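Below: the structure, in structure tokens.
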Amino acid sequence: MNEMYVEKRVEDIKNVLKKDLGFYELVFQKEVAEDLYSTAYDSKGIEDRVRVKPQLGTVYTWVQGKWGPVKGYKIK
């Protein structure tokens, strides 16, 4: 996939997640098999891990040692 497209897509996803889910900051970590992994911080600096499956529009957060979906939310 075109690297500029990937960078733009990552930035678009970060902006949507910040707006829709209220994250203060998202730091892209890596891409593995089209899944995007990021570290997210809220306004108090509390850290969360986020995994996005852009092809499905699903978002997961790391909860109690496993990935769980953000219920009722999909990226369009």
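Chain labels A, B, ... are given in the sequence in which chains occur in the structure tokens; within each chain residues are numbered consecutively from 1, and ligands are likewise numbered from 1 in the order shown.
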
**OP:** Determine, counting only C-alpha atoms, which protein, DNA and RNA residues have an atom within 10 Å of an atom of Tyr73 of chain A; residues of the same chain fewer than 3 positions away are not included. Present the result as a list in words.
**Re:**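 So the residues in contact are Asp20, Leu21, Gly57, Thr58, Val59, Tyr60, Pro69, Val70 and Lys76 of chain A.
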
**OP:** Would you mind listing what lies within 9 Å of Leu36 of chain A as a list in words, with only C-alpha atoms counted and same-chain residues fewer than 2 positions away left out?
**Re:**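 The neighbour list is Val10, Phe28, Gln29, Lys30, Glu31, Val32, Ala33, Glu34, Ser38, Val50, Arg51, Val52, Lys53 and Pro54 of chain A.
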
Original post:
Hey, what does DSSP flag as alpha helix (DSSP H) within chain A? Can you give it to me as a PyMOL selection string?
Top reply: chain A and resi 3-21

**OP:** Tell me, in Å to one decimal, how far atom CA of Gly45 of chain A is from atom CA of Gly72 of chain A.
**Re:**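 It comes out at 24.8 Å.
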
Original post:
If we count only C-alpha atoms, what is near Trp62 of chain A at a cut-off of 7 Å, once residues fewer than 6 positions away on the same chain are taken out, given as an MDAnalysis selection string?
Top reply: chainID A and resid 48:50 68

Deliver the residues from the most recent selection as a file, using C-alpha atoms, as a tab-separated table (two decimals), in the first residue's frame.
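Saved to again_5.tsv:
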```tsv
chain	number	residue	atom	x	y	z
A	48	ASP	CA	-4.86	2.98	27.18
A	49	ARG	CA	-3.92	0.71	24.30
A	50	VAL	CA	-6.05	0.85	21.15
A	68	GLY	CA	-12.25	-5.97	23.90
```

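Every protein, DNA or RNA residue with an atom at most 12 Å from Lys18 of chain A, where only C-alpha atoms count and chain neighbours fewer than 5 positions away do not, is listed here: Glu11, Asp12, Ile13, Phe23, Tyr24, Glu25, Leu26, Val27, Ser38, Thr39, Ala40, Tyr41, Asp42, Ser43, Val50 and Ile75 of chain A.
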